[in-house]
Amino acid sequence: MKVFIKKALIYIIFLIACAIGLDWIITRGLQRVDDFIYEPWTYIQKGNHNHDVLILGNSRAQGHIHPAILDSICNCDSYNLGIEAYLMNMHVFKYNYYLQYNQKPRLIIYQVDLATIHQAEIKRGSNSEQFLPLFYDKYWRERFIDLGYSQLDLYCPLYRYFGYHSAIRCGIMEGLGLKHFELNQACKGFKGWNEDMVFSNVQVEIEQINRANRFSKNKEDFEVFETFIQQCKTSDIEIVLVYSPMYEPVEKQLIDRELFKTYMHEVSDKYNVVYLDYTKNLEFCSNKSYFSSPGHLNLLGAEVFTTKLAHDIDSLGLLK
């Protein structure tokens, strides 16, 4: 019996060691993948970046504001920290994570909309595989429990990888040096959309956008948002709040649009920050050729919009 128990323990220890080793290989491998999902986190971790301008927000930040155009017009060095499909709590966490390794910026451009001022858990969210290589990082380990992950995710080797078959495959092949993946690469964090907008059912599109764009009624959400603005001001960082274009025939039907715009003007006055609302530019927002979907510009639209935004920011003199 003792021999059996001894062999069983040795076998269990061997399996645990293999799981830990494989977890490490996959995690380190994913950090080497050149893909807009993983690469921005690796870029942050490398550190010693000194960008003048950081762009924050959701997918409408990531795909609407092109750093290369901003750099050429404003004579600055910018980087896009936009994070597709995630809300304000992740925008702030990603920005604070950036500051763990890099110098603070002079200016923050925060793309805001009705979907911004909310907080939510992130486990199994859209593109949530991007967080898998971050579990060895102290900053994120302290936050993942509050973001929906469990103790098993944190401490059980390989557990968090269940269901992420593509990530496992890429991680193993990269980690073992068998193949290097260059997938959907971004430009300084920017990742736009090539396709043009096609409506299959206009009313369904409007209803879907309305569900994703309701104004928060949660007092804590407002406090987190305004605390972030105050922290920027206290750190002598200029902040510009930008409501980038939406397709006007849809945007004007959003139920909470006026509540949101009123609140943004109140915040702008209260904290003396610039608020730029480009949904008022009807000539731009009614031009279907600039959009890939009612809420997202295509590459052409992003280039035209960023050019306009860059000139507006340059005229404000915030980077002089």
# chains A, B, ... in the order shown; residues from 1 in each chain; ligands from 1

$ select_by_dssp --residues "stretch 1-159 of chain A" --states "helix (DSSP H, G or I)" --output "count of residues only"
86

$ select_by_dssp --residues "stretch 61-143 of chain A" --states "strand (DSSP E)" --output "number ranges by chain"
A: 78-80, 107-111

$ residues_around --residues "A:Arg214" --least-positions-apart "5" --cutoff "7 Å" --atoms "only C-alpha atoms" --output "PyMOL selection string"
chain A and resi 114-115+256

$ write_last_selection --atoms "N, CA, C and O atoms" --output "PDB file, in the first residue's frame"
ATOM      1  N   LEU A 114     -21.666  56.440 -25.239  1.00  0.00           N
ATOM      2  CA  LEU A 114     -22.643  55.902 -24.294  1.00  0.00           C
ATOM      3  C   LEU A 114     -22.230  54.569 -23.689  1.00  0.00           C
ATOM      4  O   LEU A 114     -22.691  54.203 -22.608  1.00  0.00           O
ATOM      5  N   ALA A 115     -21.347  53.845 -24.376  1.00  0.00           N
ATOM      6  CA  ALA A 115     -20.911  52.542 -23.872  1.00  0.00           C
ATOM      7  C   ALA A 115     -19.693  52.654 -22.959  1.00  0.00           C
ATOM      8  O   ALA A 115     -19.225  51.643 -22.438  1.00  0.00           O
ATOM      9  N   ASP A 256     -30.591  57.374 -25.155  1.00  0.00           N
ATOM     10  CA  ASP A 256     -29.976  58.180 -24.089  1.00  0.00           C
ATOM     11  C   ASP A 256     -28.987  59.224 -24.604  1.00  0.00           C
ATOM     12  O   ASP A 256     -28.187  59.750 -23.828  1.00  0.00           O
TER      13      ASP A 256
END

$ closest_residue --among "A:Gly295, A:Gly301, A:Gly192, A:Pro245" --to "A:Thr279" --atoms "only C-alpha atoms"
A:Pro245

$ atom_distance --atom1 "atom CA of A:Glu39" --atom2 "atom CA of A:Phe190"
11.5 Å

$ atom_distance --atom1 "atom CA of A:Trp24" --atom2 "atom CA of A:Gly175"
8.5 Å

$ closest_atom_pairs --of "stretch 128-180 of chain A" --to "stretch 84-103 of chain A" --cutoff "10 Å" --atoms "only C-alpha atoms" --output "CSV"
residue,atom,partner,partner_atom,distance
A:Ser128,CA,A:Ala85,CA,9.7
A:Tyr139,CA,A:Tyr97,CA,7.2
A:Trp140,CA,A:Tyr97,CA,8.4
A:Arg143,CA,A:Phe93,CA,8.9
A:Leu147,CA,A:Met90,CA,9.2

$ closest_residue --among "A:Phe284, A:Phe4, A:Trp193, A:Tyr11" --to "A:His64" --atoms "only C-alpha atoms"
A:Trp193

$ atom_distance --atom1 "atom CA of A:Glu251" --atom2 "atom CA of A:Arg60"
13.9 Å

$ closest_residue --among "A:Leu318, A:Cys187, A:Leu254, A:Met197" --to "A:Pro105" --atoms "only C-alpha atoms"
A:Leu318

$ residues_around --residues "A:Gln253" --least-positions-apart "2" --cutoff "12 Å" --atoms "only C-alpha atoms" --output "number ranges by chain"
A: 202-203, 205-210, 213-214, 246-251, 255-258, 294

$ residues_around --residues "A:Val273" --least-positions-apart "4" --cutoff "12 Å" --atoms "only C-alpha atoms" --output "list in words"
Leu107, Ile108, Ile109, Tyr110, Glu226, Ile229, Gln230, Cys232, Lys233, Ile237, Glu238, Ile239, Val240, Leu241, Val242, Met264, His265, Glu266, Val267, Ser268, Asp269, Leu316 and Leu318 of chain A

$ residues_around --residues "A:Thr307" --least-positions-apart "5" --cutoff "9 Å" --atoms "only C-alpha atoms" --output "ChimeraX atom specification"
/A:65-66,69-70,73,302,312

$ closest_residue --among "A:Leu276, A:Leu158, A:Leu152, A:Leu30" --to "A:Ile16" --atoms "only C-alpha atoms"
A:Leu158

$ closest_atom_pairs --of "stretch 169-218 of chain A" --to "stretch 161-164 of chain A" --cutoff "12 Å" --atoms "only C-alpha atoms" --output "CSV"
residue,atom,partner,partner_atom,distance
A:Arg169,CA,A:Tyr164,CA,8.8
A:Cys170,CA,A:Tyr164,CA,10.2
A:Gly171,CA,A:Tyr161,CA,10.5
A:Ile172,CA,A:Tyr161,CA,11.9

$ write_last_selection --atoms "C-alpha atoms" --output "PDB file, in the first residue's frame"
ATOM      1  CA  ARG A 169      -1.823  26.116 -30.229  1.00  0.00           C
ATOM      2  CA  CYS A 170      -0.167  29.487 -30.915  1.00  0.00           C
ATOM      3  CA  GLY A 171       1.392  29.590 -27.468  1.00  0.00           C
ATOM      4  CA  ILE A 172       2.915  26.124 -27.704  1.00  0.00           C
TER       5      ILE A 172
END

$ closest_residue --among "A:Tyr136, A:Tyr290, A:Tyr243, A:Tyr43" --to "A:Ala61" --atoms "only C-alpha atoms"
A:Tyr243
